[in-house]
Each structure stands twice: as C-alpha cells, then as structure tokens.
$ cat structure.txt   # compact mmCIF, N, CA and C atoms and all ligand atoms
# COMPACT_ATOMS: atom_id res chain seq x y z
N MET A 30 17.73 27.37 -2.09
CA MET A 30 17.02 26.94 -3.30
C MET A 30 17.95 26.20 -4.26
N ASP A 31 19.21 26.64 -4.30
CA ASP A 31 20.19 26.04 -5.22
C ASP A 31 20.34 24.53 -5.02
N LYS A 32 20.37 24.12 -3.75
CA LYS A 32 20.57 22.69 -3.49
C LYS A 32 19.38 21.86 -3.99
N TYR A 33 18.17 22.43 -3.90
CA TYR A 33 16.99 21.73 -4.40
C TYR A 33 17.04 21.65 -5.93
N LEU A 34 17.38 22.80 -6.55
CA LEU A 34 17.43 22.84 -8.01
C LEU A 34 18.45 21.85 -8.56
N LYS A 35 19.60 21.82 -7.89
CA LYS A 35 20.68 20.92 -8.32
C LYS A 35 20.20 19.45 -8.24
N ALA A 36 19.54 19.12 -7.13
CA ALA A 36 19.04 17.75 -6.94
C ALA A 36 17.95 17.41 -7.95
N ILE A 37 17.10 18.39 -8.25
CA ILE A 37 16.02 18.17 -9.23
C ILE A 37 16.63 17.92 -10.61
N LYS A 38 17.63 18.71 -10.96
CA LYS A 38 18.27 18.51 -12.27
C LYS A 38 18.89 17.12 -12.35
N GLN A 39 19.50 16.71 -11.27
CA GLN A 39 20.15 15.40 -11.21
C GLN A 39 19.14 14.24 -11.31
N ASN A 40 18.04 14.37 -10.56
CA ASN A 40 17.08 13.27 -10.49
C ASN A 40 15.98 13.33 -11.54
N VAL A 41 15.43 14.51 -11.74
CA VAL A 41 14.24 14.64 -12.59
C VAL A 41 14.62 14.94 -14.05
N CYS A 42 15.43 15.97 -14.26
CA CYS A 42 15.81 16.32 -15.63
C CYS A 42 16.50 15.14 -16.32
N ALA A 43 17.24 14.38 -15.54
CA ALA A 43 17.97 13.24 -16.11
C ALA A 43 17.04 12.24 -16.80
N ILE A 44 15.80 12.14 -16.30
CA ILE A 44 14.87 11.15 -16.89
C ILE A 44 13.70 11.81 -17.63
N CYS A 45 13.68 13.13 -17.62
CA CYS A 45 12.55 13.85 -18.24
C CYS A 45 12.51 13.60 -19.76
N VAL A 46 11.31 13.46 -20.29
CA VAL A 46 11.18 13.24 -21.74
C VAL A 46 11.60 14.48 -22.53
N ASP A 47 11.68 15.62 -21.85
CA ASP A 47 12.09 16.86 -22.52
C ASP A 47 13.57 17.16 -22.31
N SER A 48 14.34 16.16 -21.90
CA SER A 48 15.78 16.40 -21.76
C SER A 48 16.54 15.61 -22.81
N ASN A 49 17.76 16.06 -23.09
CA ASN A 49 18.60 15.31 -24.04
C ASN A 49 19.35 14.20 -23.29
N GLU A 50 20.21 13.49 -24.01
CA GLU A 50 20.87 12.33 -23.39
C GLU A 50 21.81 12.70 -22.24
N ARG A 51 22.20 13.98 -22.18
CA ARG A 51 23.04 14.43 -21.06
C ARG A 51 22.23 15.08 -19.94
N GLY A 52 20.90 15.00 -20.02
CA GLY A 52 20.05 15.56 -18.97
C GLY A 52 19.81 17.06 -19.14
N GLY A 53 20.25 17.61 -20.26
CA GLY A 53 20.02 19.04 -20.51
C GLY A 53 18.60 19.26 -21.03
N CYS A 54 17.98 20.35 -20.59
CA CYS A 54 16.60 20.62 -21.00
C CYS A 54 16.54 21.07 -22.46
N THR A 55 15.56 20.55 -23.19
CA THR A 55 15.42 20.90 -24.61
C THR A 55 14.28 21.88 -24.86
N LEU A 56 13.67 22.39 -23.78
CA LEU A 56 12.59 23.36 -23.98
C LEU A 56 13.16 24.64 -24.57
N SER A 57 12.36 25.30 -25.40
CA SER A 57 12.82 26.57 -25.97
C SER A 57 12.65 27.67 -24.94
N HIS A 58 13.22 28.84 -25.25
CA HIS A 58 13.10 29.97 -24.32
C HIS A 58 11.67 30.44 -24.15
N LYS A 59 10.82 30.08 -25.13
CA LYS A 59 9.42 30.50 -25.05
C LYS A 59 8.60 29.57 -24.16
N GLU A 60 9.16 28.39 -23.83
CA GLU A 60 8.42 27.43 -23.03
C GLU A 60 8.87 27.51 -21.57
N THR A 61 7.94 27.16 -20.68
CA THR A 61 8.27 27.21 -19.26
C THR A 61 8.11 25.82 -18.66
N CYS A 62 9.09 25.41 -17.89
CA CYS A 62 8.97 24.12 -17.20
C CYS A 62 8.26 24.34 -15.88
N ALA A 63 7.15 23.62 -15.67
CA ALA A 63 6.38 23.78 -14.44
C ALA A 63 7.18 23.36 -13.21
N VAL A 64 8.09 22.40 -13.38
CA VAL A 64 8.91 21.95 -12.24
C VAL A 64 9.74 23.13 -11.73
N GLU A 65 10.45 23.77 -12.65
CA GLU A 65 11.31 24.90 -12.27
C GLU A 65 10.48 26.08 -11.78
N TYR A 66 9.44 26.39 -12.54
CA TYR A 66 8.64 27.58 -12.25
C TYR A 66 7.98 27.50 -10.87
N PHE A 67 7.46 26.30 -10.56
CA PHE A 67 6.71 26.17 -9.32
C PHE A 67 7.52 25.54 -8.18
N LEU A 68 8.81 25.32 -8.40
CA LEU A 68 9.59 24.62 -7.36
C LEU A 68 9.49 25.30 -5.99
N PRO A 69 9.64 26.63 -5.87
CA PRO A 69 9.52 27.23 -4.54
C PRO A 69 8.18 26.91 -3.87
N SER A 70 7.09 26.93 -4.64
CA SER A 70 5.77 26.62 -4.07
C SER A 70 5.67 25.16 -3.68
N VAL A 71 6.27 24.27 -4.48
CA VAL A 71 6.20 22.84 -4.16
C VAL A 71 7.00 22.57 -2.88
N ILE A 72 8.15 23.21 -2.75
CA ILE A 72 8.96 23.04 -1.54
C ILE A 72 8.16 23.51 -0.32
N GLU A 73 7.49 24.64 -0.48
CA GLU A 73 6.67 25.18 0.61
C GLU A 73 5.58 24.18 1.00
N ILE A 74 4.95 23.57 0.01
CA ILE A 74 3.89 22.59 0.27
C ILE A 74 4.45 21.37 1.00
N VAL A 75 5.59 20.87 0.55
CA VAL A 75 6.19 19.68 1.19
C VAL A 75 6.57 20.01 2.63
N HIS A 76 7.07 21.22 2.85
CA HIS A 76 7.49 21.61 4.20
C HIS A 76 6.30 21.91 5.12
N SER A 77 5.14 22.14 4.52
CA SER A 77 3.97 22.52 5.34
C SER A 77 3.31 21.32 6.01
N THR A 78 3.53 20.12 5.47
CA THR A 78 2.85 18.92 5.97
C THR A 78 3.78 17.73 5.94
N GLU A 79 3.86 16.99 7.03
CA GLU A 79 4.70 15.80 7.07
C GLU A 79 3.81 14.57 6.85
N THR A 80 3.97 13.92 5.73
CA THR A 80 3.18 12.72 5.43
C THR A 80 3.91 11.88 4.38
N ASP A 81 3.63 10.59 4.38
CA ASP A 81 4.15 9.71 3.33
C ASP A 81 3.13 9.54 2.20
N GLU A 82 1.94 10.13 2.40
CA GLU A 82 0.87 10.01 1.41
C GLU A 82 1.05 11.06 0.32
N ILE A 83 1.46 10.63 -0.85
CA ILE A 83 1.70 11.58 -1.94
C ILE A 83 0.40 12.29 -2.34
N SER A 84 -0.74 11.62 -2.13
CA SER A 84 -2.03 12.22 -2.52
C SER A 84 -2.31 13.49 -1.72
N VAL A 85 -1.79 13.57 -0.49
CA VAL A 85 -1.99 14.76 0.35
C VAL A 85 -1.29 15.94 -0.31
N TYR A 86 -0.06 15.73 -0.77
CA TYR A 86 0.70 16.80 -1.43
C TYR A 86 0.06 17.15 -2.78
N HIS A 87 -0.41 16.12 -3.46
CA HIS A 87 -1.01 16.35 -4.77
C HIS A 87 -2.26 17.22 -4.66
N LYS A 88 -3.04 16.97 -3.61
CA LYS A 88 -4.25 17.77 -3.37
C LYS A 88 -3.86 19.23 -3.12
N LEU A 89 -2.80 19.44 -2.34
CA LEU A 89 -2.34 20.81 -2.04
C LEU A 89 -1.84 21.51 -3.31
N VAL A 90 -1.18 20.73 -4.19
CA VAL A 90 -0.70 21.31 -5.46
C VAL A 90 -1.90 21.79 -6.27
N LYS A 91 -2.93 20.98 -6.32
CA LYS A 91 -4.12 21.37 -7.10
C LYS A 91 -4.75 22.65 -6.51
N GLU A 92 -4.79 22.68 -5.17
CA GLU A 92 -5.43 23.82 -4.50
C GLU A 92 -4.62 25.10 -4.60
N LYS A 93 -3.30 24.97 -4.52
CA LYS A 93 -2.47 26.17 -4.42
C LYS A 93 -1.76 26.55 -5.72
N ILE A 94 -1.49 25.57 -6.57
CA ILE A 94 -0.74 25.86 -7.80
C ILE A 94 -1.62 25.79 -9.04
N CYS A 95 -2.27 24.65 -9.23
CA CYS A 95 -3.04 24.44 -10.47
C CYS A 95 -4.12 25.50 -10.64
N ILE A 96 -4.68 25.91 -9.53
CA ILE A 96 -5.76 26.91 -9.58
C ILE A 96 -5.29 28.22 -10.22
N ASN A 97 -3.99 28.51 -10.10
CA ASN A 97 -3.43 29.74 -10.70
C ASN A 97 -2.66 29.44 -11.99
N CYS A 98 -2.82 28.23 -12.49
CA CYS A 98 -2.06 27.83 -13.68
C CYS A 98 -3.05 27.58 -14.82
N HIS A 99 -3.05 26.37 -15.37
CA HIS A 99 -3.89 26.11 -16.55
C HIS A 99 -5.22 25.44 -16.23
N GLU A 100 -5.52 25.27 -14.94
CA GLU A 100 -6.74 24.55 -14.59
C GLU A 100 -7.98 25.37 -15.00
N ASP A 101 -8.98 24.68 -15.59
CA ASP A 101 -10.20 25.41 -15.96
C ASP A 101 -11.20 25.39 -14.80
N GLU A 102 -12.37 25.98 -15.03
CA GLU A 102 -13.35 26.11 -13.94
C GLU A 102 -13.88 24.76 -13.45
N ASN A 103 -13.67 23.69 -14.25
CA ASN A 103 -14.11 22.35 -13.82
C ASN A 103 -13.00 21.59 -13.10
N GLY A 104 -11.85 22.22 -12.90
CA GLY A 104 -10.74 21.56 -12.22
C GLY A 104 -9.93 20.69 -13.16
N SER A 105 -10.13 20.85 -14.47
CA SER A 105 -9.37 20.05 -15.44
C SER A 105 -8.23 20.87 -16.03
N CYS A 106 -7.18 20.17 -16.44
CA CYS A 106 -6.05 20.84 -17.08
C CYS A 106 -5.68 20.03 -18.32
N TYR A 107 -5.67 20.69 -19.48
CA TYR A 107 -5.38 19.96 -20.72
C TYR A 107 -3.94 19.43 -20.73
N LEU A 108 -3.03 20.13 -20.03
CA LEU A 108 -1.64 19.63 -20.00
C LEU A 108 -1.55 18.36 -19.16
N HIS A 109 -2.33 18.32 -18.08
CA HIS A 109 -2.40 17.10 -17.26
C HIS A 109 -2.99 15.96 -18.08
N GLU A 110 -4.10 16.26 -18.79
CA GLU A 110 -4.77 15.23 -19.60
C GLU A 110 -3.81 14.63 -20.64
N ASP A 111 -2.95 15.46 -21.19
CA ASP A 111 -2.01 15.01 -22.24
C ASP A 111 -0.68 14.52 -21.66
N ALA A 112 -0.61 14.37 -20.33
CA ALA A 112 0.66 14.00 -19.65
C ALA A 112 1.77 14.96 -20.08
N ASN A 113 1.41 16.24 -20.21
CA ASN A 113 2.35 17.23 -20.75
C ASN A 113 2.81 18.25 -19.71
N CYS A 114 2.53 17.96 -18.44
CA CYS A 114 3.01 18.85 -17.37
C CYS A 114 4.11 18.12 -16.63
N SER A 115 5.31 18.69 -16.67
CA SER A 115 6.47 18.01 -16.04
C SER A 115 6.29 17.89 -14.53
N LEU A 116 5.66 18.87 -13.91
CA LEU A 116 5.43 18.83 -12.46
C LEU A 116 4.53 17.65 -12.11
N ASP A 117 3.51 17.46 -12.92
CA ASP A 117 2.55 16.40 -12.72
C ASP A 117 3.18 15.02 -13.00
N ARG A 118 3.92 14.97 -14.11
CA ARG A 118 4.51 13.70 -14.57
C ARG A 118 5.47 13.11 -13.55
N TYR A 119 6.28 13.97 -12.94
CA TYR A 119 7.35 13.47 -12.05
C TYR A 119 7.10 13.84 -10.59
N PHE A 120 5.84 14.03 -10.24
CA PHE A 120 5.54 14.60 -8.93
C PHE A 120 6.09 13.76 -7.77
N SER A 121 5.92 12.44 -7.81
CA SER A 121 6.41 11.60 -6.70
C SER A 121 7.91 11.74 -6.55
N LEU A 122 8.62 11.73 -7.67
CA LEU A 122 10.08 11.85 -7.64
C LEU A 122 10.51 13.23 -7.13
N ILE A 123 9.77 14.25 -7.49
CA ILE A 123 10.09 15.61 -7.03
C ILE A 123 9.94 15.70 -5.51
N VAL A 124 8.85 15.17 -4.99
CA VAL A 124 8.62 15.20 -3.53
C VAL A 124 9.71 14.40 -2.83
N GLU A 125 10.01 13.23 -3.36
CA GLU A 125 11.04 12.38 -2.76
C GLU A 125 12.40 13.10 -2.76
N THR A 126 12.70 13.78 -3.85
CA THR A 126 13.98 14.50 -3.96
C THR A 126 14.06 15.63 -2.95
N ILE A 127 12.98 16.39 -2.79
CA ILE A 127 12.96 17.48 -1.81
C ILE A 127 13.20 16.92 -0.41
N LYS A 128 12.55 15.80 -0.10
CA LYS A 128 12.69 15.21 1.23
C LYS A 128 14.11 14.69 1.47
N ARG A 129 14.72 14.17 0.43
CA ARG A 129 16.10 13.66 0.57
C ARG A 129 17.06 14.83 0.80
N VAL A 130 16.85 15.93 0.10
CA VAL A 130 17.70 17.11 0.31
C VAL A 130 17.52 17.59 1.76
N ASP A 131 16.28 17.64 2.24
CA ASP A 131 16.00 18.10 3.60
C ASP A 131 16.71 17.24 4.65
N LYS A 132 16.81 15.95 4.36
CA LYS A 132 17.44 15.03 5.32
C LYS A 132 18.93 14.86 5.06
N ASN A 133 19.45 15.65 4.12
CA ASN A 133 20.88 15.56 3.75
C ASN A 133 21.26 14.17 3.28
N LEU A 134 20.32 13.49 2.64
CA LEU A 134 20.61 12.16 2.09
C LEU A 134 21.13 12.33 0.66
N PRO A 135 21.92 11.38 0.18
CA PRO A 135 22.36 11.47 -1.23
C PRO A 135 21.14 11.43 -2.15
N VAL A 136 21.16 12.26 -3.21
CA VAL A 136 19.98 12.28 -4.10
C VAL A 136 20.18 11.39 -5.32
S1 LIG B 201 11.22 20.22 -18.84
FE1 LIG B 201 11.75 20.73 -16.71
S2 LIG B 201 12.05 18.73 -15.72
FE2 LIG B 201 12.19 18.39 -17.94
S3 LIG B 201 14.37 18.59 -18.46
FE3 LIG B 201 13.44 20.62 -18.73
S4 LIG B 201 13.81 21.69 -16.75
FE4 LIG B 201 14.07 19.46 -16.39
S1 LIG B 202 -1.28 20.02 -13.94
FE1 LIG B 202 -1.84 21.76 -15.28
S2 LIG B 202 -2.59 23.35 -13.89
FE2 LIG B 202 -1.39 21.89 -12.65
S3 LIG B 202 0.72 22.70 -12.63
FE3 LIG B 202 0.58 21.27 -14.35
S4 LIG B 202 0.06 22.56 -16.13
FE4 LIG B 202 -0.39 23.76 -14.26

$ encode --input "structure.txt" --output "structure tokens" --more "lines below"
Ligand code: SF4
Ligand code: SF4
Amino acid sequence: MDKYLKAIKQNVCAICVDSNERGGCTLSHKETCAVEYFLPSVIEIVHSTETDEISVYHKLVKEKICINCHEDENGSCYLHEDANCSLDRYFSLIVETIKRVDKNLPV
C-alpha cells in the first residue's frame, strides 16, 4: 500500500486544490480525503478489471464506493456536484498512477 500512497502523493496531492505549494495536504484533522480513505478499494477495483476505458472503473466506483459514501437514493452526490470530491476530481490520474505503480513505471 505504501508504494501506491507515495505515488499518489507525488502525482495527485502535488496538483490537488487542497494542497499547499509543496504538495502538503491542507485539510484539517476533521476532514477526510476520499482519495486516501478509499484508496484500498480503488486499487481493488483497478485490479479487478483490465481496461483502458476509465468509464468502466468509474461505474464500479459508483457501485462499490459511492453507494456507501455520500450518494443519495437518486444516485446523486452533492460533493460530486460541487467538484468537491478529490477522488472524483482526479480519478483518471489516480487510475493511471495505480497502473504505473503496478507496471513498475516511473510515476
Ligand atoms: S485532499 Fe487528498 S488528494 Fe488533495 S492534497 Fe489532501 S490528501 Fe492529497
Ligand atoms: S463522488 Fe461523492 S459519494 Fe462518491 S466517493 Fe466522492 S464524495 Fe463519496
């Protein structure tokens, strides 16, 4: 898990709107980053299916993660609507980073 976290910090936190100029997270202790919180589940999803179609992974995230997160009974999430979910915002980059770690490619 450490290698994935390290790569995510390098690739995603570095550009995240919630990071400072050195890539450090600015969320308070009361806030939770969906990228960090759900990373094990996202890795599991990426490893469960081999595809270049990001929409396939996105559908699985909705089915397996969002349903237990902030999604309402209509399948909507106010954090998604406000572009306020880090997992959602950087999803393509997160999947790409996981795949690069798996292939031992530089991240
Ligand atoms: S909110 Fe998440 S993705 Fe953004 S800097 Fe913090 S830990 Fe990284
Ligand atoms: S889009 Fe919403 S429901 Fe899905 S992970 Fe992000 S905050 Fe949770």

$ residues_near_ligand --input "structure.txt" --ligand "ligand LIG 201 (chain B)" --cutoff "12 Å" --atoms "only C-alpha atoms and all ligand atoms" --output "PyMOL selection string"
chain A and resi 34-58+60-68+113-120+122-123

$ write_last_selection --input "structure.txt" --atoms "N, CA and C atoms" --output "CSV table (one decimal), keeping the file's coordinate frame"
chain,number,residue,atom,x,y,z
A,34,LEU,N,17.4,22.8,-6.6
A,34,LEU,CA,17.4,22.8,-8.0
A,34,LEU,C,18.4,21.8,-8.6
A,35,LYS,N,19.6,21.8,-7.9
A,35,LYS,CA,20.7,20.9,-8.3
A,35,LYS,C,20.2,19.4,-8.2
A,36,ALA,N,19.5,19.1,-7.1
A,36,ALA,CA,19.0,17.8,-6.9
A,36,ALA,C,18.0,17.4,-8.0
A,37,ILE,N,17.1,18.4,-8.2
A,37,ILE,CA,16.0,18.2,-9.2
A,37,ILE,C,16.6,17.9,-10.6
A,38,LYS,N,17.6,18.7,-11.0
A,38,LYS,CA,18.3,18.5,-12.3
A,38,LYS,C,18.9,17.1,-12.4
A,39,GLN,N,19.5,16.7,-11.3
A,39,GLN,CA,20.2,15.4,-11.2
A,39,GLN,C,19.1,14.2,-11.3
A,40,ASN,N,18.0,14.4,-10.6
A,40,ASN,CA,17.1,13.3,-10.5
A,40,ASN,C,16.0,13.3,-11.5
A,41,VAL,N,15.4,14.5,-11.7
A,41,VAL,CA,14.2,14.6,-12.6
A,41,VAL,C,14.6,14.9,-14.0
A,42,CYS,N,15.4,16.0,-14.3
A,42,CYS,CA,15.8,16.3,-15.6
A,42,CYS,C,16.5,15.1,-16.3
A,43,ALA,N,17.2,14.4,-15.5
A,43,ALA,CA,18.0,13.2,-16.1
A,43,ALA,C,17.0,12.2,-16.8
A,44,ILE,N,15.8,12.1,-16.3
A,44,ILE,CA,14.9,11.2,-16.9
A,44,ILE,C,13.7,11.8,-17.6
A,45,CYS,N,13.7,13.1,-17.6
A,45,CYS,CA,12.6,13.8,-18.2
A,45,CYS,C,12.5,13.6,-19.8
A,46,VAL,N,11.3,13.5,-20.3
A,46,VAL,CA,11.2,13.2,-21.7
A,46,VAL,C,11.6,14.5,-22.5
A,47,ASP,N,11.7,15.6,-21.8
A,47,ASP,CA,12.1,16.9,-22.5
A,47,ASP,C,13.6,17.2,-22.3
A,48,SER,N,14.3,16.2,-21.9
A,48,SER,CA,15.8,16.4,-21.8
A,48,SER,C,16.5,15.6,-22.8
A,49,ASN,N,17.8,16.1,-23.1
A,49,ASN,CA,18.6,15.3,-24.0
A,49,ASN,C,19.4,14.2,-23.3
A,50,GLU,N,20.2,13.5,-24.0
A,50,GLU,CA,20.9,12.3,-23.4
A,50,GLU,C,21.8,12.7,-22.2
A,51,ARG,N,22.2,14.0,-22.2
A,51,ARG,CA,23.0,14.4,-21.1
A,51,ARG,C,22.2,15.1,-19.9
A,52,GLY,N,20.9,15.0,-20.0
A,52,GLY,CA,20.0,15.6,-19.0
A,52,GLY,C,19.8,17.1,-19.1
A,53,GLY,N,20.2,17.6,-20.3
A,53,GLY,CA,20.0,19.0,-20.5
A,53,GLY,C,18.6,19.3,-21.0
A,54,CYS,N,18.0,20.4,-20.6
A,54,CYS,CA,16.6,20.6,-21.0
A,54,CYS,C,16.5,21.1,-22.5
A,55,THR,N,15.6,20.6,-23.2
A,55,THR,CA,15.4,20.9,-24.6
A,55,THR,C,14.3,21.9,-24.9
A,56,LEU,N,13.7,22.4,-23.8
A,56,LEU,CA,12.6,23.4,-24.0
A,56,LEU,C,13.2,24.6,-24.6
A,57,SER,N,12.4,25.3,-25.4
A,57,SER,CA,12.8,26.6,-26.0
A,57,SER,C,12.6,27.7,-24.9
A,58,HIS,N,13.2,28.8,-25.2
A,58,HIS,CA,13.1,30.0,-24.3
A,58,HIS,C,11.7,30.4,-24.2
A,60,GLU,N,9.2,28.4,-23.8
A,60,GLU,CA,8.4,27.4,-23.0
A,60,GLU,C,8.9,27.5,-21.6
A,61,THR,N,7.9,27.2,-20.7
A,61,THR,CA,8.3,27.2,-19.3
A,61,THR,C,8.1,25.8,-18.7
A,62,CYS,N,9.1,25.4,-17.9
A,62,CYS,CA,9.0,24.1,-17.2
A,62,CYS,C,8.3,24.3,-15.9
A,63,ALA,N,7.2,23.6,-15.7
A,63,ALA,CA,6.4,23.8,-14.4
A,63,ALA,C,7.2,23.4,-13.2
A,64,VAL,N,8.1,22.4,-13.4
A,64,VAL,CA,8.9,22.0,-12.2
A,64,VAL,C,9.7,23.1,-11.7
A,65,GLU,N,10.4,23.8,-12.6
A,65,GLU,CA,11.3,24.9,-12.3
A,65,GLU,C,10.5,26.1,-11.8
A,66,TYR,N,9.4,26.4,-12.5
A,66,TYR,CA,8.6,27.6,-12.2
A,66,TYR,C,8.0,27.5,-10.9
A,67,PHE,N,7.5,26.3,-10.6
A,67,PHE,CA,6.7,26.2,-9.3
A,67,PHE,C,7.5,25.5,-8.2
A,68,LEU,N,8.8,25.3,-8.4
A,68,LEU,CA,9.6,24.6,-7.4
A,68,LEU,C,9.5,25.3,-6.0
A,113,ASN,N,1.4,16.2,-20.2
A,113,ASN,CA,2.4,17.2,-20.8
A,113,ASN,C,2.8,18.2,-19.7
A,114,CYS,N,2.5,18.0,-18.4
A,114,CYS,CA,3.0,18.8,-17.4
A,114,CYS,C,4.1,18.1,-16.6
A,115,SER,N,5.3,18.7,-16.7
A,115,SER,CA,6.5,18.0,-16.0
A,115,SER,C,6.3,17.9,-14.5
A,116,LEU,N,5.7,18.9,-13.9
A,116,LEU,CA,5.4,18.8,-12.5
A,116,LEU,C,4.5,17.6,-12.1
A,117,ASP,N,3.5,17.5,-12.9
A,117,ASP,CA,2.6,16.4,-12.7
A,117,ASP,C,3.2,15.0,-13.0
A,118,ARG,N,3.9,15.0,-14.1
A,118,ARG,CA,4.5,13.7,-14.6
A,118,ARG,C,5.5,13.1,-13.6
A,119,TYR,N,6.3,14.0,-12.9
A,119,TYR,CA,7.4,13.5,-12.0
A,119,TYR,C,7.1,13.8,-10.6
A,120,PHE,N,5.8,14.0,-10.2
A,120,PHE,CA,5.5,14.6,-8.9
A,120,PHE,C,6.1,13.8,-7.8
A,122,LEU,N,8.6,11.7,-7.7
A,122,LEU,CA,10.1,11.8,-7.6
A,122,LEU,C,10.5,13.2,-7.1
A,123,ILE,N,9.8,14.2,-7.5
A,123,ILE,CA,10.1,15.6,-7.0
A,123,ILE,C,9.9,15.7,-5.5

$ residues_near_ligand --input "structure.txt" --ligand "ligand LIG 202 (chain B)" --cutoff "7 Å" --atoms "only N, CA and C atoms and all ligand atoms" --output "list of chain:residue names"
A:Ala63, A:Val90, A:Lys91, A:Ile94, A:Cys95, A:Ile96, A:Asn97, A:Cys98, A:His99, A:Glu100, A:Asp101, A:Ser105, A:Cys106, A:Tyr107, A:Leu108, A:His109, A:Glu110, A:Asn113, A:Cys114, A:Ser115, A:Leu116, A:Asp117

$ atom_distance --input "structure.txt" --atom1 "CA of Gly104 in chain A" --atom2 "CA of Lys128 in chain A"
27.8 Å

$ select_by_dssp --input "structure.txt" --residues "chain A" --states "alpha helix (DSSP H)" --output "JSON, numbers by chain"
{"A": [31, 32, 33, 34, 35, 36, 37, 63, 64, 65, 66, 67, 68, 69, 70, 71, 72, 73, 74, 75, 76, 77, 83, 84, 85, 86, 87, 88, 89, 90, 91, 92, 93, 107, 108, 109, 110, 115, 116, 117, 118, 120, 121, 122, 123, 124, 125, 126, 127, 128, 129, 130, 131]}

$ atom_distance --input "structure.txt" --atom1 "CA of Ile127 in chain A" --atom2 "CA of Lys32 in chain A"
9.4 Å

$ atom_distance --input "structure.txt" --atom1 "CA of Ser84 in chain A" --atom2 "atom N of Val124 in chain A"
11.5 Å

$ closest_residue --input "structure.txt" --among "A:Asp131, A:Glu92, A:Glu102, A:Glu79" --to "Tyr33 in chain A" --atoms "all atoms listed in the file"
A:Asp131
